[in-house]
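Presented below is the structure to which this report refers.
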Amino acid sequence: MATKDITAQQTPEAGERNLTELIRVAVPERSIRADLRAVSIVWRRELIRFRSDRLRAVTSLVQPVLFLFILGTGLSRLAGRGLPHGVDFQTFIYPGVLAMSVLFTSIFSAASIVWDREFGFLREMLVAPVRRWAIVIGKCLGGATVATFQGIIFLALAGVAHVPYDPVLLLTLVGELLLLSFTLTAFGVMMAARIKQIQAFMALTQMFVLPLFFLSGALYPLNGLPAWLTVLTRADPLTYIVDPMRHAVFDYLPLRPQVLDVLSPGVTWAGWLVPLGLSLAMVAVMGLAMLGIAIAEFRKTE
Amino acid sequence: MTPAISVSTLTKRYGEIEAVRGIGFEVATGETFGFLGPNGAGKSTTIKILCTLADPTSGTARVAGHDVVKERDTVRRNIGLVFQDTTLDNYLTGEQNLRFHADLYGVPKAAFGPRLRQVLEMVGLWDRRGGVVSTYSGGMQRRLEIARGLLHAPRVLFLDEPTVGLDPQTRASIWEYINELKSREDITIFLTTHYMDEAENCDRIAIIDHGVIVAIDTPEALKASVGKDRVQISTADDPAAIRALAEEFGLEAGVHEGLVTFSVESGEHFVPRLFARLPVAIKSVSVSRPSLDDVFMSYTGKTIRDAEASIGDRNRRIATRFGRR
């Protein structure tokens with residue numbers, strides 16, 4: 001009893017030695033709330049890291065800016081002749097380059113899983129009493145958010161490419177960027193589940209990224225191509241997000257229908273025009289499928 | 001009552017290397033149980049299996065009454081773990097690392113603040129909590145890691161070489177905290193160590209060598225089983241000294257850590273006789289009471305430092321084979 005009285009009179013500083021109230025052996029409950037809390041903290045960690053890494057935010061903007069301003073301006077003198085009057089080459093490639101602005105960031109935020117494994121932090125997450133899907137989903141959402149944020153910065157440059165700042169257009173584009181970023185991060189996380197070395201991961205994703213970009217129709221219209229290139233462009237998942245994005249942008253430009261048909265012809269499968277909704281749904285399904293594979297991979301033990 | 005940990009005929013193979021070779025033991029609830037052995041003896045592998053990070057090749061292990069393979073998720077909710085190598089996020093601050101942990105381990109939000117202060121003050125990092133971990137020294141990172149492991153109070157706490165590279169003061173304060181925690185809660189602690197003095201904190205110790213448990217008992221009982229004092233002498237001619245010890249006294253001596261070493265009852269009475277009768281010049285002499293090191297030596301035929309030296313080669317081979325650092 002005496003000890004209890006002393007404890008009660010202790011000042012806050014001295015009271016810190018009193019552990020009884022502070023530390024109780026506890027078994028956290030298995031609950032969806034606990035898993036959601038885990039999703040949230042894994043997601044927040046990505047944001048914190050992005051915020052503290054301003055250099056990354058700047059450097060990953062370099063590539064799309066180069067494409068838009070240097071390549072775009074340079075090629076416009078040549079490509080401009082093929083374009084209908086009143087449309088800049090920069091305007092034409094803007095949606096594709098916008099997609100590109102999230103491409104690298106998405107996949108490289110998945111690379112942080114490989115880093116985490118190398119520095120041991122992944123183990124801290126994998127041994128935690130939460131379901132593995134919570135960790136993987138948190139990671140994908142985090143990567144998607146950071147990449148979309150990156151895209152939004154690039155979206156601010158829309159005016160330079162003569163793309164209007166219409167709120168509905170901007171919201172549509174942000175939504176599409178989010179979808180794209182999520183799918184790309186899921187792809188990266190799926191790869192990171194298997195690839196244990198950062199060099200191998202970088203080399204392999206690098207190998208994927210540029211072909212994906214070049215085949216997506218980001219830099220040229222998808223009609224009238226040679227058969228082999230037509231097949232390859234249709235096989236590129238990125239095609240099905242670049243097309244809706246270009247469609248969204250061109251809807252807001254004052255263009256005649258004939259011009260639209262030339263510049264934004266849509267994706268066709270043997271003459272059949274793929275609806276925009278189906279395009280977007282395909283990207284979403286792909287993202288979810290890769291997320292599923294990633295979760296299955298992370299559920300395995302040594 | 002179900003034991004906190006129960007392991008039977010557990011093995012783990014990595015390719016051709018058998019890291020754990022059919023071990024079995026039980027740890028009672030509330031007990032502090034130590035795994036003592038050199039690096040590479042199978043301690044960390046056993047911990048990995050118990051923490052559900054690796055599957056056993058054969059045999060079973062149960063933690064808090066749940067099978068580590070079949071009820072992986074339930075086991076994870078019952079355990080806490082301080083890893084041997086750092087598992088911190090270097091880009092986050094100390095406090096952010098701990099908050100991350102608290103959220104993953106479901107620490108009640110109201111309890112987080114006071115506990116954060118409690119564990120950080122214990123390891124002397126309260127003032128540095130806002131600093132990014134990459135600016136911490138190695139010792140500070142280690143301390144932060146231990147603070148994190150103690151942030152949530154699990155049923156079974158695993159400490160894999162918890163205090164490697166820490167100064168004696170911090171070690172003492174961490175042990176004070178753990179012992180206080182133990183006196184108030186039914187927490188079970190499983191630790192691996194190759195520090196003898198740390199093993200003294202355990203209720204029971206298992207000595208593990210080459211993936212096999214060679215002895216398992218309380219530290220006192222293990223020391224009593226040795227019974228003799230250890231004498232180490234440095235001489236002008238070691239082989240001659242060893243021969244003389246055998247001929248004159250019937251003692252079996254060996255060279256350990258560069259010194260002629262042998263065990264003898266009541267060592268301080270033996271030393272005068274040694275000086276009188278040994279034909280080889282003695283440069284220095286030390287007599288020590290049986291320590292866990294002697295226990296280790298009597299069961300494995302080598303001191304723990306000898307074992308570490310020889311195991312180094314084997315570890316490097318494992319490392320190349322599995323690409324581990």
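So you can find residues: chains in the structure tokens are A, B, ... in the order shown, residues in each start at 1, and ligands are numbered from 1 in order.
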
- Task: Taking the DSSP assignment computed from this structure's backbone, write out as a ChimeraX atom specification all residues of region 2-100 of chain B that belong to helix (DSSP H, G or I).
- Result: /B:43-50,72-78,94-100

- Task: Identify, on the basis of only C-alpha atoms, every residue whose closest approach to Cys202 (chain B) does not exceed 10 Å; exclude the query and any residue fewer than 4 positions from it along the same chain; express the result as a count of residues only.
- Result: 12

- Considering only C-alpha atoms, return as a PyMOL selection string whatever protein or nucleic-acid residues lie within 6 Å of region 47-64 of chain B, sequence-local ones (same chain, fewer than 5 positions apart) excluded. (chain A and resi 301-302) or (chain B and resi 4-12)

Would you kindly report the residues of chain B within 9 Å of chain A, using only C-alpha atoms, as a PDB file with N, CA and C atoms, in the first residue's frame?
ATOM      1  N   CYS B  51       9.525 -16.268 -35.294  1.00  0.00           N
ATOM      2  CA  CYS B  51       8.838 -15.020 -35.620  1.00  0.00           C
ATOM      3  C   CYS B  51       8.114 -15.099 -36.950  1.00  0.00           C
ATOM      4  N   THR B  52       7.993 -16.278 -37.502  1.00  0.00           N
ATOM      5  CA  THR B  52       7.266 -16.536 -38.754  1.00  0.00           C
ATOM      6  C   THR B  52       7.930 -15.916 -39.977  1.00  0.00           C
ATOM      7  N   LEU B  53       9.204 -15.541 -39.875  1.00  0.00           N
ATOM      8  CA  LEU B  53       9.872 -14.980 -41.049  1.00  0.00           C
ATOM      9  C   LEU B  53      10.509 -16.058 -41.911  1.00  0.00           C
ATOM     10  N   ALA B  54      10.616 -17.270 -41.363  1.00  0.00           N
ATOM     11  CA  ALA B  54      11.147 -18.378 -42.152  1.00  0.00           C
ATOM     12  C   ALA B  54      10.362 -19.628 -41.778  1.00  0.00           C
ATOM     13  N   ASP B  55      10.160 -20.497 -42.738  1.00  0.00           N
ATOM     14  CA  ASP B  55       9.464 -21.750 -42.452  1.00  0.00           C
ATOM     15  C   ASP B  55      10.474 -22.816 -42.069  1.00  0.00           C
ATOM     16  N   ASP B  73      -0.461 -15.528 -38.682  1.00  0.00           N
ATOM     17  CA  ASP B  73      -0.989 -14.205 -38.320  1.00  0.00           C
ATOM     18  C   ASP B  73      -1.219 -14.087 -36.814  1.00  0.00           C
ATOM     19  N   THR B  74      -1.752 -15.155 -36.216  1.00  0.00           N
ATOM     20  CA  THR B  74      -2.013 -15.104 -34.777  1.00  0.00           C
ATOM     21  C   THR B  74      -0.701 -15.018 -34.006  1.00  0.00           C
ATOM     22  N   VAL B  75       0.284 -15.754 -34.444  1.00  0.00           N
ATOM     23  CA  VAL B  75       1.588 -15.696 -33.778  1.00  0.00           C
ATOM     24  C   VAL B  75       2.130 -14.270 -33.827  1.00  0.00           C
ATOM     25  N   ARG B  76       2.014 -13.647 -34.993  1.00  0.00           N
ATOM     26  CA  ARG B  76       2.584 -12.306 -35.144  1.00  0.00           C
ATOM     27  C   ARG B  76       1.928 -11.286 -34.220  1.00  0.00           C
ATOM     28  N   ARG B  77       0.665 -11.500 -33.897  1.00  0.00           N
ATOM     29  CA  ARG B  77       0.010 -10.544 -33.008  1.00  0.00           C
ATOM     30  C   ARG B  77       0.493 -10.693 -31.571  1.00  0.00           C
ATOM     31  N   ASN B  78       1.121 -11.821 -31.281  1.00  0.00           N
ATOM     32  CA  ASN B  78       1.552 -12.074 -29.913  1.00  0.00           C
ATOM     33  C   ASN B  78       3.011 -11.748 -29.642  1.00  0.00           C
ATOM     34  N   ILE B  79       3.730 -11.373 -30.678  1.00  0.00           N
ATOM     35  CA  ILE B  79       5.174 -11.224 -30.503  1.00  0.00           C
ATOM     36  C   ILE B  79       5.672  -9.814 -30.796  1.00  0.00           C
ATOM     37  N   GLY B  80       6.830  -9.531 -30.243  1.00  0.00           N
ATOM     38  CA  GLY B  80       7.558  -8.322 -30.589  1.00  0.00           C
ATOM     39  C   GLY B  80       8.978  -8.754 -30.895  1.00  0.00           C
ATOM     40  N   LEU B  81       9.704  -7.939 -31.629  1.00  0.00           N
ATOM     41  CA  LEU B  81      11.001  -8.405 -32.089  1.00  0.00           C
ATOM     42  C   LEU B  81      11.973  -7.247 -32.229  1.00  0.00           C
ATOM     43  N   PHE B  83      15.457  -6.804 -33.982  1.00  0.00           N
ATOM     44  CA  PHE B  83      16.304  -7.537 -34.916  1.00  0.00           C
ATOM     45  C   PHE B  83      17.778  -7.319 -34.617  1.00  0.00           C
ATOM     46  N   ASP B  85      20.157  -6.887 -37.058  1.00  0.00           N
ATOM     47  CA  ASP B  85      20.655  -5.765 -37.847  1.00  0.00           C
ATOM     48  C   ASP B  85      19.555  -4.718 -37.966  1.00  0.00           C
ATOM     49  N   THR B  86      19.944  -3.492 -38.247  1.00  0.00           N
ATOM     50  CA  THR B  86      18.971  -2.410 -38.138  1.00  0.00           C
ATOM     51  C   THR B  86      17.858  -2.555 -39.167  1.00  0.00           C
ATOM     52  N   THR B  87      16.676  -2.224 -38.728  1.00  0.00           N
ATOM     53  CA  THR B  87      15.506  -2.250 -39.597  1.00  0.00           C
ATOM     54  C   THR B  87      14.766  -0.926 -39.436  1.00  0.00           C
ATOM     55  N   LEU B  88      15.546   0.160 -39.458  1.00  0.00           N
ATOM     56  CA  LEU B  88      14.939   1.484 -39.318  1.00  0.00           C
ATOM     57  C   LEU B  88      14.812   2.127 -40.686  1.00  0.00           C
ATOM     58  N   ASP B  89      13.907   3.087 -40.791  1.00  0.00           N
ATOM     59  CA  ASP B  89      13.826   3.878 -42.003  1.00  0.00           C
ATOM     60  C   ASP B  89      14.710   5.103 -41.808  1.00  0.00           C
ATOM     61  N   ASN B  90      15.821   5.115 -42.524  1.00  0.00           N
ATOM     62  CA  ASN B  90      16.815   6.170 -42.338  1.00  0.00           C
ATOM     63  C   ASN B  90      16.325   7.545 -42.744  1.00  0.00           C
ATOM     64  N   TYR B  91      15.273   7.608 -43.532  1.00  0.00           N
ATOM     65  CA  TYR B  91      14.795   8.901 -44.016  1.00  0.00           C
ATOM     66  C   TYR B  91      13.767   9.517 -43.070  1.00  0.00           C
ATOM     67  N   LEU B  92      13.281   8.727 -42.130  1.00  0.00           N
ATOM     68  CA  LEU B  92      12.309   9.248 -41.179  1.00  0.00           C
ATOM     69  C   LEU B  92      13.034   9.680 -39.908  1.00  0.00           C
ATOM     70  N   GLN B  96       9.137   9.460 -35.967  1.00  0.00           N
ATOM     71  CA  GLN B  96       8.316   8.915 -37.055  1.00  0.00           C
ATOM     72  C   GLN B  96       8.471   7.400 -37.166  1.00  0.00           C
ATOM     73  N   ARG B  99       6.353   5.985 -34.478  1.00  0.00           N
ATOM     74  CA  ARG B  99       4.928   6.135 -34.770  1.00  0.00           C
ATOM     75  C   ARG B  99       4.481   5.086 -35.797  1.00  0.00           C
ATOM     76  N   PHE B 100       5.330   4.870 -36.772  1.00  0.00           N
ATOM     77  CA  PHE B 100       5.053   3.845 -37.778  1.00  0.00           C
ATOM     78  C   PHE B 100       4.835   2.501 -37.090  1.00  0.00           C
ATOM     79  N   HIS B 101       5.747   2.192 -36.180  1.00  0.00           N
ATOM     80  CA  HIS B 101       5.671   0.929 -35.454  1.00  0.00           C
ATOM     81  C   HIS B 101       4.383   0.843 -34.629  1.00  0.00           C
ATOM     82  N   ASP B 103       1.557   2.281 -35.093  1.00  0.00           N
ATOM     83  CA  ASP B 103       0.380   2.092 -35.935  1.00  0.00           C
ATOM     84  C   ASP B 103       0.302   0.661 -36.457  1.00  0.00           C
ATOM     85  N   LEU B 104       1.448   0.110 -36.839  1.00  0.00           N
ATOM     86  CA  LEU B 104       1.432  -1.269 -37.342  1.00  0.00           C
ATOM     87  C   LEU B 104       1.077  -2.248 -36.229  1.00  0.00           C
ATOM     88  N   TYR B 105       1.477  -1.947 -35.010  1.00  0.00           N
ATOM     89  CA  TYR B 105       1.274  -2.888 -33.911  1.00  0.00           C
ATOM     90  C   TYR B 105       0.051  -2.540 -33.078  1.00  0.00           C
ATOM     91  N   GLY B 106      -0.749  -1.625 -33.565  1.00  0.00           N
ATOM     92  CA  GLY B 106      -2.016  -1.332 -32.896  1.00  0.00           C
ATOM     93  C   GLY B 106      -1.872  -0.795 -31.484  1.00  0.00           C
ATOM     94  N   VAL B 107      -0.827  -0.001 -31.229  1.00  0.00           N
ATOM     95  CA  VAL B 107      -0.705   0.650 -29.917  1.00  0.00           C
ATOM     96  C   VAL B 107      -1.827   1.695 -29.811  1.00  0.00           C
ATOM     97  N   ALA B 111      -2.178   6.014 -25.774  1.00  0.00           N
ATOM     98  CA  ALA B 111      -1.011   5.536 -25.030  1.00  0.00           C
ATOM     99  C   ALA B 111       0.296   5.885 -25.720  1.00  0.00           C
ATOM    100  N   PRO B 114       2.771   9.043 -24.153  1.00  0.00           N
ATOM    101  CA  PRO B 114       3.540   8.724 -22.952  1.00  0.00           C
ATOM    102  C   PRO B 114       4.549   7.593 -23.152  1.00  0.00           C
ATOM    103  N   ARG B 115       4.158   6.585 -23.916  1.00  0.00           N
ATOM    104  CA  ARG B 115       5.091   5.479 -24.134  1.00  0.00           C
ATOM    105  C   ARG B 115       6.290   5.920 -24.940  1.00  0.00           C
ATOM    106  N   ARG B 117       7.685   8.781 -24.951  1.00  0.00           N
ATOM    107  CA  ARG B 117       8.605   9.485 -24.071  1.00  0.00           C
ATOM    108  C   ARG B 117       9.339   8.500 -23.164  1.00  0.00           C
ATOM    109  N   GLN B 118       8.573   7.566 -22.635  1.00  0.00           N
ATOM    110  CA  GLN B 118       9.122   6.555 -21.740  1.00  0.00           C
ATOM    111  C   GLN B 118      10.298   5.798 -22.377  1.00  0.00           C
ATOM    112  N   LEU B 150      10.365  -2.202 -27.624  1.00  0.00           N
ATOM    113  CA  LEU B 150       9.688  -2.196 -26.331  1.00  0.00           C
ATOM    114  C   LEU B 150       8.461  -1.285 -26.329  1.00  0.00           C
ATOM    115  N   LEU B 151       8.225  -0.601 -27.452  1.00  0.00           N
ATOM    116  CA  LEU B 151       7.129   0.363 -27.522  1.00  0.00           C
ATOM    117  C   LEU B 151       5.781  -0.319 -27.310  1.00  0.00           C
ATOM    118  N   HIS B 152       5.602  -1.457 -27.944  1.00  0.00           N
ATOM    119  CA  HIS B 152       4.383  -2.218 -27.675  1.00  0.00           C
ATOM    120  C   HIS B 152       4.826  -3.360 -26.781  1.00  0.00           C
ATOM    121  N   ALA B 153       3.968  -3.789 -25.894  1.00  0.00           N
ATOM    122  CA  ALA B 153       4.379  -4.837 -24.963  1.00  0.00           C
ATOM    123  C   ALA B 153       3.716  -6.147 -25.371  1.00  0.00           C
ATOM    124  N   PRO B 154       4.441  -6.970 -26.117  1.00  0.00           N
ATOM    125  CA  PRO B 154       3.853  -8.207 -26.609  1.00  0.00           C
ATOM    126  C   PRO B 154       3.926  -9.317 -25.565  1.00  0.00           C
ATOM    127  N   ARG B 155       3.227 -10.419 -25.793  1.00  0.00           N
ATOM    128  CA  ARG B 155       3.313 -11.561 -24.881  1.00  0.00           C
ATOM    129  C   ARG B 155       4.717 -12.135 -24.879  1.00  0.00           C
ATOM    130  N   GLU B 180      12.114  -4.685 -15.006  1.00  0.00           N
ATOM    131  CA  GLU B 180      10.960  -4.050 -14.398  1.00  0.00           C
ATOM    132  C   GLU B 180       9.667  -4.466 -15.109  1.00  0.00           C
ATOM    133  N   LEU B 181       9.763  -4.489 -16.411  1.00  0.00           N
ATOM    134  CA  LEU B 181       8.637  -4.923 -17.238  1.00  0.00           C
ATOM    135  C   LEU B 181       8.231  -6.339 -16.847  1.00  0.00           C
ATOM    136  N   ARG B 184       6.303  -6.859 -13.601  1.00  0.00           N
ATOM    137  CA  ARG B 184       4.921  -6.382 -13.564  1.00  0.00           C
ATOM    138  C   ARG B 184       4.002  -7.116 -14.516  1.00  0.00           C
ATOM    139  N   GLU B 185       4.545  -7.660 -15.567  1.00  0.00           N
ATOM    140  CA  GLU B 185       3.706  -8.276 -16.584  1.00  0.00           C
ATOM    141  C   GLU B 185       4.172  -9.694 -16.868  1.00  0.00           C
ATOM    142  N   ASP B 186       3.255 -10.493 -17.395  1.00  0.00           N
ATOM    143  CA  ASP B 186       3.592 -11.871 -17.744  1.00  0.00           C
ATOM    144  C   ASP B 186       4.284 -11.950 -19.096  1.00  0.00           C
ATOM    145  N   ILE B 187       5.289 -11.139 -19.265  1.00  0.00           N
ATOM    146  CA  ILE B 187       5.944 -11.110 -20.563  1.00  0.00           C
ATOM    147  C   ILE B 187       7.046 -12.171 -20.599  1.00  0.00           C
TER     148      ILE B 187
END

- Note on the structure: Counting only C-alpha atoms, closest pick from B:Val295, B:Pro38, B:Lys109, B:Thr93 relative to Arg128 (chain B) is B:Thr93

- Message: Residues near Leu251 (chain B), anyone? I mean within 10 Å using only C-alpha atoms, not counting same-chain ones fewer than 5 positions away, as a PyMOL selection string.
- Response: chain B and resi 242-246+262-264

Resulting file, chosen residues, C-alpha atoms, as a short mmCIF file (atom, residue, chain, number, x, y, z; two decimals), in the first residue's frame:
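Writing done, so here's again.cif:
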data_model
loop_
_atom_site.label_atom_id
_atom_site.label_comp_id
_atom_site.auth_asym_id
_atom_site.auth_seq_id
_atom_site.Cartn_x
_atom_site.Cartn_y
_atom_site.Cartn_z
CA ILE B 242 51.37 -27.95 -21.53
CA ARG B 243 53.57 -31.04 -21.37
CA ALA B 244 54.74 -30.16 -17.88
CA LEU B 245 51.17 -29.58 -16.68
CA ALA B 246 50.23 -33.03 -17.89
CA PHE B 262 43.16 -25.29 -17.93
CA SER B 263 40.54 -25.99 -15.30
CA VAL B 264 41.39 -26.89 -11.74
#

- Item | d(CA of Leu98 (chain A), CA of Ala161 (chain A)) in Å |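 CA of Ala161 (chain A) lies at a distance of 11.2 Å from CA of Leu98 (chain A).
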
- Message: Neighbouring residues of Pro244 (chain A) were defined as those with any atom within 12 Å, considering only C-alpha atoms; residues of the same chain fewer than 3 positions away were excluded. Please report them as a ChimeraX atom specification.
- Response: /A:95-96,99,169,172-173,175-177,179-180,216-218,238-241,247-251,264-267,274-283

Could you save those same residues with N, CA and C atoms as a short mmCIF file (atom, residue, chain, number, x, y, z; two decimals), in the first residue's frame?
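And here is the file that came out, selection11.cif:
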data_model
loop_
_atom_site.label_atom_id
_atom_site.label_comp_id
_atom_site.auth_asym_id
_atom_site.auth_seq_id
_atom_site.Cartn_x
_atom_site.Cartn_y
_atom_site.Cartn_z
N PRO A 95 -0.55 15.32 -73.67
CA PRO A 95 -1.16 14.26 -72.86
C PRO A 95 -0.21 13.07 -72.65
N GLY A 96 0.53 12.72 -73.72
CA GLY A 96 1.46 11.60 -73.61
C GLY A 96 2.60 11.90 -72.65
N ALA A 99 1.47 11.67 -69.13
CA ALA A 99 1.49 10.28 -68.67
C ALA A 99 2.91 9.88 -68.28
N LEU A 169 -11.67 19.46 -67.06
CA LEU A 169 -10.56 18.80 -67.76
C LEU A 169 -9.46 18.41 -66.77
N THR A 172 -10.51 15.51 -64.66
CA THR A 172 -10.48 14.27 -65.45
C THR A 172 -9.05 13.76 -65.57
N LEU A 173 -8.14 14.68 -65.89
CA LEU A 173 -6.74 14.28 -66.07
C LEU A 173 -6.15 13.76 -64.76
N GLY A 175 -7.73 12.35 -62.35
CA GLY A 175 -8.30 11.01 -62.13
C GLY A 175 -7.59 9.97 -62.97
N GLU A 176 -7.33 10.30 -64.22
CA GLU A 176 -6.65 9.35 -65.10
C GLU A 176 -5.20 9.12 -64.66
N LEU A 177 -4.56 10.20 -64.20
CA LEU A 177 -3.19 10.06 -63.70
C LEU A 177 -3.15 9.13 -62.49
N LEU A 179 -5.22 6.70 -61.76
CA LEU A 179 -5.41 5.32 -62.23
C LEU A 179 -4.11 4.78 -62.80
N LEU A 180 -3.49 5.59 -63.65
CA LEU A 180 -2.24 5.17 -64.29
C LEU A 180 -1.16 4.92 -63.23
N SER A 216 3.21 3.78 -76.84
CA SER A 216 1.90 4.13 -76.32
C SER A 216 1.15 5.14 -77.18
N GLY A 217 1.78 5.61 -78.24
CA GLY A 217 1.13 6.65 -79.02
C GLY A 217 1.22 8.02 -78.36
N ALA A 218 2.14 8.15 -77.42
CA ALA A 218 2.30 9.43 -76.74
C ALA A 218 2.84 10.48 -77.71
N LEU A 238 0.04 0.97 -71.81
CA LEU A 238 0.05 2.43 -71.67
C LEU A 238 -0.83 3.11 -72.72
N THR A 239 -0.96 2.45 -73.88
CA THR A 239 -1.81 2.97 -74.95
C THR A 239 -3.21 3.29 -74.44
N TYR A 240 -3.71 2.42 -73.57
CA TYR A 240 -5.11 2.51 -73.16
C TYR A 240 -5.34 3.58 -72.10
N ILE A 241 -4.27 4.24 -71.67
CA ILE A 241 -4.46 5.39 -70.79
C ILE A 241 -4.09 6.68 -71.52
N HIS A 247 -7.85 12.21 -75.53
CA HIS A 247 -9.24 12.47 -75.84
C HIS A 247 -9.78 13.60 -74.96
N ALA A 248 -9.48 13.50 -73.68
CA ALA A 248 -9.95 14.51 -72.73
C ALA A 248 -9.42 15.89 -73.11
N VAL A 249 -8.12 15.95 -73.40
CA VAL A 249 -7.51 17.24 -73.73
C VAL A 249 -8.11 17.82 -75.02
N PHE A 250 -8.23 16.99 -76.04
CA PHE A 250 -8.67 17.48 -77.34
C PHE A 250 -10.15 17.87 -77.34
N ASP A 251 -10.91 17.31 -76.41
CA ASP A 251 -12.30 17.72 -76.27
C ASP A 251 -12.41 19.19 -75.90
N SER A 264 -6.71 12.54 -82.91
CA SER A 264 -7.09 11.71 -81.79
C SER A 264 -8.08 10.64 -82.28
N PRO A 265 -7.55 9.71 -83.10
CA PRO A 265 -8.46 8.76 -83.76
C PRO A 265 -8.99 7.68 -82.83
N GLY A 266 -8.42 7.56 -81.65
CA GLY A 266 -8.84 6.48 -80.74
C GLY A 266 -8.12 5.19 -81.07
N VAL A 267 -8.25 4.21 -80.17
CA VAL A 267 -7.59 2.92 -80.37
C VAL A 267 -8.56 1.99 -81.09
N VAL A 274 -12.21 0.98 -79.79
CA VAL A 274 -12.33 0.60 -78.37
C VAL A 274 -12.91 1.76 -77.59
N PRO A 275 -14.05 1.56 -76.90
CA PRO A 275 -14.63 2.67 -76.14
C PRO A 275 -13.69 3.12 -75.03
N LEU A 276 -13.77 4.40 -74.70
CA LEU A 276 -12.87 4.95 -73.67
C LEU A 276 -13.06 4.23 -72.33
N GLY A 277 -14.34 3.95 -72.02
CA GLY A 277 -14.64 3.26 -70.75
C GLY A 277 -13.93 1.93 -70.67
N LEU A 278 -13.92 1.19 -71.78
CA LEU A 278 -13.27 -0.12 -71.80
C LEU A 278 -11.76 0.04 -71.62
N SER A 279 -11.21 1.06 -72.29
CA SER A 279 -9.78 1.33 -72.15
C SER A 279 -9.42 1.53 -70.67
N LEU A 280 -10.15 2.42 -70.04
CA LEU A 280 -9.87 2.73 -68.63
C LEU A 280 -10.08 1.49 -67.76
N ALA A 281 -11.15 0.73 -68.05
CA ALA A 281 -11.42 -0.47 -67.26
C ALA A 281 -10.28 -1.47 -67.40
N MET A 282 -9.73 -1.57 -68.61
CA MET A 282 -8.63 -2.51 -68.82
C MET A 282 -7.42 -2.14 -67.96
N VAL A 283 -7.13 -0.84 -67.93
CA VAL A 283 -5.99 -0.38 -67.12
C VAL A 283 -6.24 -0.71 -65.65
#

- Item | Surrounding residues of Ala79 (chain A) excluding itself and chain neighbours under 6 positions, 10 Å, only C-alpha atoms, as a list in words |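 The filter keeps Gly72, Thr73, Asp88, Phe89 and Tyr220 of chain A.
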
Create the file for the chosen residues now, containing N, CA and C atoms and written as a PDB file, in the first residue's frame.
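As written to disk, again-v2.pdb reads:
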ATOM      1  N   GLY A  72       9.770  18.739 -78.130  1.00  0.00           N
ATOM      2  CA  GLY A  72       8.527  19.287 -78.673  1.00  0.00           C
ATOM      3  C   GLY A  72       8.777  20.491 -79.563  1.00  0.00           C
ATOM      4  N   THR A  73       9.598  21.443 -79.085  1.00  0.00           N
ATOM      5  CA  THR A  73       9.875  22.642 -79.866  1.00  0.00           C
ATOM      6  C   THR A  73      10.687  22.299 -81.107  1.00  0.00           C
ATOM      7  N   ASP A  88      -0.468  22.959 -82.166  1.00  0.00           N
ATOM      8  CA  ASP A  88       0.969  22.842 -81.930  1.00  0.00           C
ATOM      9  C   ASP A  88       1.351  21.390 -81.730  1.00  0.00           C
ATOM     10  N   PHE A  89       2.584  21.061 -82.129  1.00  0.00           N
ATOM     11  CA  PHE A  89       3.077  19.715 -81.839  1.00  0.00           C
ATOM     12  C   PHE A  89       3.149  19.502 -80.322  1.00  0.00           C
ATOM     13  N   TYR A 220       2.852  10.106 -81.301  1.00  0.00           N
ATOM     14  CA  TYR A 220       2.306  10.065 -82.681  1.00  0.00           C
ATOM     15  C   TYR A 220       0.890   9.473 -82.640  1.00  0.00           C
TER      16      TYR A 220
END

- Which polymer residues have any atom within 8 Å of an atom of Val280 (chain B), counting only C-alpha atoms, with same-chain residues fewer than 4 positions away left out, as a PyMOL selection string? chain B and resi 235-237+240-241

- Query: Which of these, B:Val69, B:Lys182, B:Tyr195, B:Gly211, has the shortest distance to Arg13 (chain B) once you count only C-alpha atoms?
  - Reply: B:Gly211

- Item | Atom pair CA of Ala156 (chain A) / CA of Leu103 (chain A): separation (Å) | 17.4 Å

- Task: Determine which residues of region 1-231 of chain B receive a DSSP assignment of strand (DSSP E or B), computed from the backbone, and state them as a ChimeraX atom specification.
- Result: /B:5-14,17-27,32-36,58-63,66-67,79-82,93,132,156-160,188-193,204-209,212-217,229-231

- Item | Nearest-residue call for Thr163 (chain B), choices B:Thr193, B:Ala281, B:Thr303, B:Tyr177, using only C-alpha atoms |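 That would be B:Thr193, the residue with the smallest distance to Thr163 (chain B).
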
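CA of Phe214 (chain A) is found 13.4 Å from CA of Asp243 (chain A).
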
- With only C-alpha atoms as the basis for distance, which of B:Gly165, B:Gly65, B:Gly250, B:Pro239 is at the shortest distance from Ser137 (chain B)? B:Gly165
